[in-house]
Structures are given as structure tokens and as C-alpha cells.
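Structure data (mmCIF, C-alpha atoms and all ligand atoms) from start18.cif:
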```
data_upload
loop_
_atom_site.group_PDB
_atom_site.id
_atom_site.type_symbol
_atom_site.label_atom_id
_atom_site.label_comp_id
_atom_site.auth_asym_id
_atom_site.auth_seq_id
_atom_site.Cartn_x
_atom_site.Cartn_y
_atom_site.Cartn_z
ATOM 1 C CA MET A 1 75.430 111.645 96.368
ATOM 2 C CA VAL A 2 78.906 110.818 97.696
ATOM 3 C CA SER A 3 81.833 111.423 95.383
ATOM 4 C CA GLU A 4 84.053 108.465 96.283
ATOM 5 C CA ILE A 5 83.053 104.822 96.122
ATOM 6 C CA TYR A 6 85.647 102.423 97.507
ATOM 7 C CA ILE A 7 85.853 98.870 96.126
ATOM 8 C CA GLY A 8 87.680 96.211 98.112
ATOM 9 C CA SER A 9 89.672 94.678 95.264
ATOM 10 C CA THR A 10 92.008 95.668 92.445
ATOM 11 C CA ASN A 11 90.749 92.856 90.206
ATOM 12 C CA PRO A 12 89.861 94.755 86.971
ATOM 13 C CA ALA A 13 86.660 92.713 86.497
ATOM 14 C CA LYS A 14 85.358 93.961 89.852
ATOM 15 C CA VAL A 15 86.630 97.538 89.488
ATOM 16 C CA ARG A 16 85.138 97.885 85.986
ATOM 17 C CA ALA A 17 81.781 96.602 87.214
ATOM 18 C CA VAL A 18 81.643 99.344 89.854
ATOM 19 C CA GLU A 19 82.771 101.963 87.322
ATOM 20 C CA LYS A 20 79.917 100.979 85.020
ATOM 21 C CA VAL A 21 77.356 101.797 87.706
ATOM 22 C CA PHE A 22 79.011 104.749 89.487
ATOM 23 C CA LEU A 23 79.805 107.071 86.574
ATOM 24 C CA PRO A 24 81.863 110.296 86.733
ATOM 25 C CA PRO A 25 81.881 112.638 88.598
ATOM 26 C CA ALA A 26 81.814 109.748 91.109
ATOM 27 C CA VAL A 27 85.332 108.408 91.669
ATOM 28 C CA VAL A 28 85.886 104.672 92.122
ATOM 29 C CA VAL A 29 88.750 103.898 94.500
ATOM 30 C CA PRO A 30 90.139 100.320 94.316
ATOM 31 C CA ARG A 31 91.941 98.919 97.366
ATOM 32 C CA ASP A 32 93.194 95.400 97.992
ATOM 33 C CA VAL A 33 91.731 94.289 101.305
ATOM 34 C CA PRO A 34 91.377 90.940 103.078
ATOM 35 C CA SER A 35 88.157 88.974 102.624
ATOM 36 C CA SER A 36 88.952 87.027 105.832
ATOM 37 C CA VAL A 37 87.286 83.924 104.398
ATOM 38 C CA SER A 38 88.983 81.054 102.550
ATOM 39 C CA PRO A 39 90.528 81.846 99.157
ATOM 40 C CA GLN A 40 87.809 79.653 97.638
ATOM 41 C CA PRO A 41 84.558 80.164 99.563
ATOM 42 C CA ARG A 42 82.275 77.099 99.443
ATOM 43 C CA SER A 43 78.828 78.308 100.479
ATOM 44 C CA ASP A 44 76.520 81.286 100.021
ATOM 45 C CA GLU A 45 77.109 82.225 103.656
ATOM 46 C CA GLU A 46 80.908 82.205 103.351
ATOM 47 C CA THR A 47 80.877 84.049 100.021
ATOM 48 C CA MET A 48 78.515 86.733 101.348
ATOM 49 C CA LEU A 49 80.642 87.088 104.481
ATOM 50 C CA GLY A 50 83.719 87.635 102.288
ATOM 51 C CA ALA A 51 81.929 90.475 100.493
ATOM 52 C CA ILE A 52 80.787 92.026 103.797
ATOM 53 C CA ASN A 53 84.261 91.705 105.348
ATOM 54 C CA ARG A 54 85.853 93.533 102.417
ATOM 55 C CA ALA A 55 83.395 96.423 102.709
ATOM 56 C CA LYS A 56 83.727 96.565 106.512
ATOM 57 C CA TYR A 57 87.505 96.665 106.263
ATOM 58 C CA LEU A 58 87.335 99.685 103.937
ATOM 59 C CA ILE A 59 84.986 101.548 106.286
ATOM 60 C CA GLU A 60 87.143 100.756 109.288
ATOM 61 C CA TYR A 61 90.656 101.263 107.942
ATOM 62 C CA THR A 62 90.362 103.776 105.056
ATOM 63 C CA ASP A 63 88.656 107.125 104.468
ATOM 64 C CA ALA A 64 85.704 105.401 102.795
ATOM 65 C CA SER A 65 82.196 106.520 103.672
ATOM 66 C CA VAL A 66 80.730 104.248 100.989
ATOM 67 C CA ALA A 67 82.378 100.878 100.391
ATOM 68 C CA ILE A 68 81.651 97.873 98.220
ATOM 69 C CA GLY A 69 82.890 94.297 98.597
ATOM 70 C CA LEU A 70 82.468 91.692 95.851
ATOM 71 C CA GLU A 71 83.265 88.015 96.338
ATOM 72 C CA GLY A 72 83.167 84.888 94.213
ATOM 73 C CA GLY A 73 82.540 81.377 95.467
ATOM 74 C CA VAL A 74 80.881 78.037 94.802
ATOM 75 C CA VAL A 75 77.882 76.232 96.283
ATOM 76 C CA GLU A 76 76.820 72.600 96.041
ATOM 77 C CA ASN A 77 73.452 70.877 95.919
ATOM 78 C CA GLU A 78 72.246 67.381 94.925
ATOM 79 C CA ALA A 79 72.580 68.260 91.238
ATOM 80 C CA GLY A 80 76.140 69.541 91.311
ATOM 81 C CA MET A 81 78.346 72.573 91.970
ATOM 82 C CA LEU A 82 77.391 76.105 90.959
ATOM 83 C CA LEU A 83 79.434 79.264 90.871
ATOM 84 C CA CYS A 84 78.005 81.980 93.088
ATOM 85 C CA ASN A 85 78.836 85.616 93.698
ATOM 86 C CA TRP A 86 77.875 88.089 96.408
ATOM 87 C CA GLY A 87 78.213 91.796 96.985
ATOM 88 C CA ALA A 88 77.907 94.115 99.980
ATOM 89 C CA LEU A 89 77.625 97.890 100.112
ATOM 90 C CA ILE A 90 78.127 99.783 103.345
ATOM 91 C CA ALA A 91 77.089 103.436 103.488
ATOM 92 C CA LYS A 92 78.256 104.873 106.804
ATOM 93 C CA LYS A 93 75.150 107.051 107.114
ATOM 94 C CA ASN A 94 72.653 104.355 106.178
ATOM 95 C CA GLY A 95 73.663 100.776 106.686
ATOM 96 C CA ILE A 96 74.624 97.590 104.946
ATOM 97 C CA TYR A 97 73.064 96.107 101.824
ATOM 98 C CA THR A 98 73.763 92.695 100.291
ATOM 99 C CA ALA A 99 72.935 91.072 96.957
ATOM 100 C CA GLY A 100 73.590 87.768 95.236
ATOM 101 C CA GLY A 101 74.391 87.293 91.566
ATOM 102 C CA ALA A 102 73.703 84.934 88.700
ATOM 103 C CA ARG A 103 74.624 81.262 89.170
ATOM 104 C CA ILE A 104 75.259 78.452 86.742
ATOM 105 C CA TYR A 105 76.431 74.861 87.161
ATOM 106 C CA LEU A 106 80.085 74.073 86.660
ATOM 107 C CA PRO A 107 81.144 71.188 84.401
ATOM 108 C CA LYS A 108 81.611 67.978 86.448
ATOM 109 C CA ASP A 109 85.381 67.791 85.896
ATOM 110 C CA ILE A 110 85.873 71.368 87.134
ATOM 111 C CA ALA A 111 83.710 70.644 90.201
ATOM 112 C CA GLU A 112 85.799 67.535 90.916
ATOM 113 C CA GLU A 113 89.031 69.591 90.892
ATOM 114 C CA ILE A 114 87.548 72.180 93.258
ATOM 115 C CA ARG A 115 86.428 69.412 95.643
ATOM 116 C CA THR A 116 90.100 68.421 95.966
ATOM 117 C CA GLY A 117 90.741 71.877 97.477
ATOM 118 C CA ARG A 118 91.829 73.868 94.426
ATOM 119 C CA GLU A 119 90.662 77.382 93.483
ATOM 120 C CA LEU A 120 88.289 77.947 90.576
ATOM 121 C CA GLY A 121 90.533 80.677 89.136
ATOM 122 C CA GLU A 122 93.419 78.235 88.784
ATOM 123 C CA VAL A 123 91.254 75.366 87.519
ATOM 124 C CA ILE A 124 89.528 77.406 84.809
ATOM 125 C CA ASP A 125 92.910 78.648 83.501
ATOM 126 C CA GLU A 126 94.142 75.071 83.251
ATOM 127 C CA TRP A 127 90.851 73.904 81.689
ATOM 128 C CA THR A 128 91.029 76.539 78.941
ATOM 129 C CA GLY A 129 94.825 76.710 78.576
ATOM 130 C CA ARG A 130 94.651 80.456 79.218
ATOM 131 C CA ASN A 131 95.854 82.907 81.901
ATOM 132 C CA ASN A 132 94.138 85.099 84.502
ATOM 133 C CA ILE A 133 90.586 84.443 83.329
ATOM 134 C CA ARG A 134 89.361 85.630 86.744
ATOM 135 C CA LYS A 135 90.607 89.132 85.838
ATOM 136 C CA LYS A 136 88.953 89.028 82.415
ATOM 137 C CA GLU A 137 85.680 87.376 81.332
ATOM 138 C CA GLY A 138 85.689 84.979 84.289
ATOM 139 C CA THR A 139 84.432 81.415 84.408
ATOM 140 C CA ILE A 140 80.914 82.666 83.751
ATOM 141 C CA GLY A 141 82.143 84.326 80.533
ATOM 142 C CA ILE A 142 83.796 81.104 79.377
ATOM 143 C CA LEU A 143 80.792 78.910 80.176
ATOM 144 C CA THR A 144 78.266 81.297 78.561
ATOM 145 C CA TYR A 145 80.381 81.832 75.455
ATOM 146 C CA GLY A 146 80.780 85.501 76.377
ATOM 147 C CA GLU A 147 77.060 86.263 76.708
ATOM 148 C CA ILE A 148 77.518 87.212 80.381
ATOM 149 C CA ASP A 149 81.064 87.935 81.483
ATOM 150 C CA ARG A 150 82.381 88.553 85.008
ATOM 151 C CA ILE A 151 82.071 92.354 84.620
ATOM 152 C CA GLU A 152 78.431 92.091 83.513
ATOM 153 C CA MET A 153 77.657 89.652 86.314
ATOM 154 C CA PHE A 154 79.240 91.888 88.994
ATOM 155 C CA LYS A 155 77.633 94.987 87.426
ATOM 156 C CA HIS A 156 74.231 93.434 88.045
ATOM 157 C CA ILE A 157 75.155 92.852 91.698
ATOM 158 C CA VAL A 158 76.421 96.447 92.044
ATOM 159 C CA LYS A 159 73.131 97.743 90.604
ATOM 160 C CA LEU A 160 71.205 95.631 93.106
ATOM 161 C CA LEU A 161 73.294 97.149 95.911
ATOM 162 C CA TYR A 162 73.044 100.721 94.664
ATOM 163 C CA GLY A 163 69.303 100.396 94.088
ATOM 164 C CA GLN A 164 68.634 99.169 97.621
ATOM 165 C CA TRP A 165 70.705 101.987 99.052
ATOM 166 C CA LYS A 166 68.808 104.583 96.975
ATOM 167 C CA PHE A 167 65.487 103.056 98.019
ATOM 168 C CA ASP A 168 66.498 103.415 101.654
ATOM 169 C CA ILE A 169 67.563 107.052 101.212
ATOM 170 C CA GLU A 170 64.257 107.928 99.518
ATOM 171 C CA ARG A 171 62.195 106.045 102.092
ATOM 172 C CA LYS A 172 63.889 107.883 104.979
ATOM 173 C CA LYS A 173 63.101 111.218 103.313
ATOM 174 C CA GLY A 174 59.444 110.190 103.721
HETATM 175 O O1 LIG A 201 91.612 89.982 93.908
HETATM 176 P P1 LIG A 201 90.301 89.442 94.368
HETATM 177 O O2 LIG A 201 89.306 90.521 94.615
HETATM 178 O O3 LIG A 201 90.394 88.483 95.513
HETATM 179 O O4 LIG A 201 89.690 88.671 93.082
HETATM 180 P P2 LIG A 201 89.490 87.113 92.803
HETATM 181 O O5 LIG A 201 89.468 86.922 91.329
HETATM 182 O O6 LIG A 201 90.416 86.278 93.612
HETATM 183 O O7 LIG A 201 88.006 86.908 93.212
HETATM 184 P P3 LIG A 201 87.388 86.288 94.555
HETATM 185 O O8 LIG A 201 88.434 86.265 95.638
HETATM 186 O O9 LIG A 201 86.116 86.989 94.803
HETATM 187 O O10 LIG A 201 87.034 84.827 94.096
HETATM 188 C C1 LIG A 201 87.075 83.745 94.975
HETATM 189 C C2 LIG A 201 87.618 82.547 94.294
HETATM 190 O O11 LIG A 201 86.791 82.120 93.242
HETATM 191 C C3 LIG A 201 87.482 82.167 92.008
HETATM 192 N N1 LIG A 201 86.517 82.680 91.039
HETATM 193 C C4 LIG A 201 85.307 83.132 91.344
HETATM 194 N N2 LIG A 201 84.635 83.484 90.262
HETATM 195 C C5 LIG A 201 85.450 83.257 89.226
HETATM 196 C C6 LIG A 201 85.317 83.420 87.851
HETATM 197 O O12 LIG A 201 84.211 83.902 87.304
HETATM 198 N N3 LIG A 201 86.346 83.098 87.098
HETATM 199 C C7 LIG A 201 87.454 82.606 87.653
HETATM 200 N N4 LIG A 201 87.635 82.424 88.936
HETATM 201 C C8 LIG A 201 86.639 82.747 89.722
HETATM 202 C C9 LIG A 201 88.670 83.037 92.253
HETATM 203 O O13 LIG A 201 89.764 82.694 91.471
HETATM 204 C C10 LIG A 201 88.983 82.739 93.686
HETATM 205 O O14 LIG A 201 89.635 81.519 93.800
HETATM 206 MG MG MG A 202 90.546 86.389 95.780
#
```

What does the file become when written as C-alpha cells?
Ligand SMILES: O=P(O)(O)OP(=O)(O)OP(=O)(O)OC[C@H]1O[C@@H](n2cnc3c(O)ncnc32)[C@H](O)[C@@H]1O
Ligand SMILES: [Mg+2]
Amino acid sequence: MVSEIYIGSTNPAKVRAVEKVFLPPAVVVPRDVPSSVSPQPRSDEETMLGAINRAKYLIEYTDASVAIGLEGGVVENEAGMLLCNWGALIAKKNGIYTAGGARIYLPKDIAEEIRTGRELGEVIDEWTGRNNIRKKEGTIGILTYGEIDRIEMFKHIVKLLYGQWKFDIERKKG
């Protein structure tokens, strides 16, 4: 197994999630990289692309041979606006794996604010009167009363990525 896993963010919620899946002696290397999508992605496609772009950037412009991108966004349907999250893992030797995370509906007043063009991170801070929630329990942690926080949610995505990669490695061994 490779020793270094690059993650395309220095947000502690994302870095911790990767560290919970890739334990020592694996080393998790956080790097701030562009997502090359809007600061607040508004569809599954855009959010997934942000995750893929982060991982691709690491493979292209750093020493990474295994890279993970994690991205948060929102999606809308007839019933309202949900938060959504996507991850991508690129293993130079194997390929690219993607996975989506848990989703819950946002309160109507938060959704309204985001429709005006604001970012969820900013809106949830204002809504709760707190700071930097996106680097801590996240909106999902607030809305689930801490049952599932942003680290737990991203950890699940990272496990989905890692598991698919392992499956591929084993399958190729025959
Ligand atoms: O430094 P990076 O990695 O960019 O970390 P980030 O917190 O900005 O995370 P994303 O870019 O992936 O998130 C896209 C947008 O969605 C917001 N967001 C997504 N999920 C959130 C959550 O659980 N809590 C608060 N804000 C969230 C976030 O503030 C951004 O505006
Ligand atoms: Mg961001």
C-alpha cells in the first residue's frame, strides 16, 4: 500500500476524515488546491467535478501518486434544497473512483439565502451565530444535533473511495 495519501484541502474536517481511514504508517498530506468549480457548487455534477478536479490537480502538480478530493455542494428538487458531498480518489496506477455522501434537506430559510447566491458556510455561521462551522461539525452536524458531523460524513465517503480502489486492486490480481 502507498505511504502517502494527498488530500486537496487544508480544511480540518476533510483532513481528519482522511486520517481516520488511512491510519499510520500511512501519511496524510494536505494541500490547498483549486476545485475549479464555483465556490458554492449547485448540482451533483458540479460538486463531483470539484472533487475530481482537486484530485487531478494533486496528481498533475505535486508528487502525489494517490490523491483525494472532497467537495461540498447543494442540489435542488421539487421538495427543496439538500446538501450534497462528493469525493474522488485517483491512484496513478489504477484509475479514478468517485463516491457521493449522505444528504439531508436544508431549512427553507437557509435554502432561500443560498438561492440569492450566498455560500452555505457563511449562511450557516450567521444562522447559528457561530464561526467557521464548515471547519468543525459542518451544517450536517448542526442539523443532526451532532449525530453525524462533517468529519463522519466525509469519512464515509473516503471509505467508499478506498474500498472501491481495494476492490479493483484485488480484482486485477485475479
Ligand atoms: O477549504 P475547502 O476545502 O474549500 O473547504 P470548504 O469548507 O470551503 O468546503 P467546500 O469548498 O467543499 O464546500 C463548498 C461550499 O459549501 C459549503 N459547505 C458545504 N458543506 C458544508 C457544511 O457541512 N457546513 C458548512 N458549509 C458547508 C462551503 O462553505 C462552501 O461554500
Ligand atoms: Mg471551498

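For Ser65 of chain A, the set of protein, DNA and RNA residues having any atom at most 9 Å away, when counting all atoms listed in the file and skipping those fewer than 2 positions along the same chain, is Val2, Glu4, Ile5, Tyr6, Leu58, Ile59, Thr62, Asp63, Ala67, Ile90, Ala91, Lys92 and Lys93 of chain A.
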
Check: Which value, in Å to one decimal, gives the distance between atom P2 of ligand LIG 201 (chain A) and atom CA of Ser9 of chain A?
Finding: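 Calculated distance between atom P2 of ligand LIG 201 (chain A) and atom CA of Ser9 of chain A is 8.0 Å.
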
Using only C-alpha atoms and all ligand atoms, what does the table of chain A residues within 10 Å of ligand MG 202 (chain A) look like, with each row giving the shortest atom pair and its distance in Å to one decimal, sorted by chain and ascending number, as CSV?
```
residue,atom,partner,partner_atom,distance
A:Ser9,CA,A:MG202,MG,8.4
A:Thr10,CA,A:MG202,MG,10.0
A:Asn11,CA,A:MG202,MG,8.5
A:Asp32,CA,A:MG202,MG,9.6
A:Val33,CA,A:MG202,MG,9.7
A:Pro34,CA,A:MG202,MG,8.6
A:Ser35,CA,A:MG202,MG,7.7
A:Val37,CA,A:MG202,MG,9.5
A:Ser38,CA,A:MG202,MG,8.8
A:Pro39,CA,A:MG202,MG,5.7
A:Gln40,CA,A:MG202,MG,7.5
A:Pro41,CA,A:MG202,MG,9.4
A:Gly50,CA,A:MG202,MG,9.5
A:Leu70,CA,A:MG202,MG,9.7
A:Glu71,CA,A:MG202,MG,7.5
A:Gly72,CA,A:MG202,MG,7.7
A:Gly73,CA,A:MG202,MG,9.5
A:Glu119,CA,A:MG202,MG,9.3
A:Gly121,CA,A:MG202,MG,8.8
A:Arg134,CA,A:MG202,MG,9.1
```

Note to self: Quick check, in Å to one decimal: how far apart do atom CA of Lys136 of chain A and atom CA of Tyr61 of chain A lie?
What the structure shows: 28.4 Å

Note to self: Within 12 Å of (73.9, 82.7, 81.2) (file coordinates; all atoms listed in the file), which protein or nucleic acid residues are there? I'd like them as number ranges by chain.
What the structure shows: A: 83, 101-106, 139-150, 152-153

Okay, now the selection with C-alpha atoms, as a PDB file, in the frame of the given file?
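Result saved to selection07.pdb:
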```
ATOM      1  CA  LEU A  83      79.434  79.264  90.871  1.00  0.00           C
ATOM      2  CA  GLY A 101      74.391  87.293  91.566  1.00  0.00           C
ATOM      3  CA  ALA A 102      73.703  84.934  88.700  1.00  0.00           C
ATOM      4  CA  ARG A 103      74.624  81.262  89.170  1.00  0.00           C
ATOM      5  CA  ILE A 104      75.259  78.452  86.742  1.00  0.00           C
ATOM      6  CA  TYR A 105      76.431  74.861  87.161  1.00  0.00           C
ATOM      7  CA  LEU A 106      80.085  74.073  86.660  1.00  0.00           C
ATOM      8  CA  THR A 139      84.432  81.415  84.408  1.00  0.00           C
ATOM      9  CA  ILE A 140      80.914  82.666  83.751  1.00  0.00           C
ATOM     10  CA  GLY A 141      82.143  84.326  80.533  1.00  0.00           C
ATOM     11  CA  ILE A 142      83.796  81.104  79.377  1.00  0.00           C
ATOM     12  CA  LEU A 143      80.792  78.910  80.176  1.00  0.00           C
ATOM     13  CA  THR A 144      78.266  81.297  78.561  1.00  0.00           C
ATOM     14  CA  TYR A 145      80.381  81.832  75.455  1.00  0.00           C
ATOM     15  CA  GLY A 146      80.780  85.501  76.377  1.00  0.00           C
ATOM     16  CA  GLU A 147      77.060  86.263  76.708  1.00  0.00           C
ATOM     17  CA  ILE A 148      77.518  87.212  80.381  1.00  0.00           C
ATOM     18  CA  ASP A 149      81.064  87.935  81.483  1.00  0.00           C
ATOM     19  CA  ARG A 150      82.381  88.553  85.008  1.00  0.00           C
ATOM     20  CA  GLU A 152      78.431  92.091  83.513  1.00  0.00           C
ATOM     21  CA  MET A 153      77.657  89.652  86.314  1.00  0.00           C
TER      22      MET A 153
END
```

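Take the candidates A:Tyr162, A:Trp86, A:Phe167, A:Tyr97 and check each one against ligand LIG 201 (chain A) using all atoms listed in the file; the shortest distance goes to A:Trp86.
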
Around all the atoms of ligand LIG 201 (chain A) listed in the file, draw an axis-aligned box and extend it by 6 Å on each of the six sides; I want its centre and edge lengths in Å to one decimal, as AutoDock Vina command-line options.
```
--center_x 87.9 --center_y 86.0 --center_z 91.4 --size_x 19.4 --size_y 21.0 --size_z 20.5
```

Note to self: Using only C-alpha atoms and all ligand atoms for the distances, tell me which of A:Ile68, A:Ala51, A:Val27, A:Ala111 is nearest to ligand LIG 201 (chain A).
What the structure shows: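 The answer is A:Ala51, which sits nearest to ligand LIG 201 (chain A).
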
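The space separating atom C4 of ligand LIG 201 (chain A) from atom CA of Ala55 of chain A comes to 17.6 Å.
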
Item checked: From A:Val123, A:Ala88, A:Ile110, A:Ile52, residue lying nearest ligand LIG 201 (chain A) [all atoms listed in the file] -> A:Val123

Note to self: Under the rule that only C-alpha atoms and all ligand atoms are counted, which of A:Asn94, A:Asn77, A:Ser43, A:Gln164 is the nearest residue to ligand LIG 201 (chain A)?
What the structure shows: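 Once distances to ligand LIG 201 (chain A) are computed over only C-alpha atoms and all ligand atoms, the minimum belongs to A:Ser43.
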
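Closest approach to ligand LIG 201 (chain A) from the set A:Val18, A:Val29, A:Ile7, A:Ala99 is made by A:Ile7, with distances taken over all atoms listed in the file.
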
Next item on the list: Please evaluate the PyMOL selection byres (((chain A and resi 20) around 12) and not hetatm) against the displayed coordinates and give the resulting residues as a list in words.
Entry: Pro12, Ala13, Lys14, Val15, Arg16, Ala17, Val18, Glu19, Val21, Phe22, Leu23, Pro24, Ala26, Val27, Val28, Ile151, Glu152, Met153, Phe154, Lys155, His156, Ile157, Val158, Lys159 and Tyr162 of chain A

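Counting only C-alpha atoms and all ligand atoms, the residue from A:Lys135, A:Arg130, A:Lys56, A:Arg31 that sits nearest to ligand LIG 201 (chain A) is A:Lys135.
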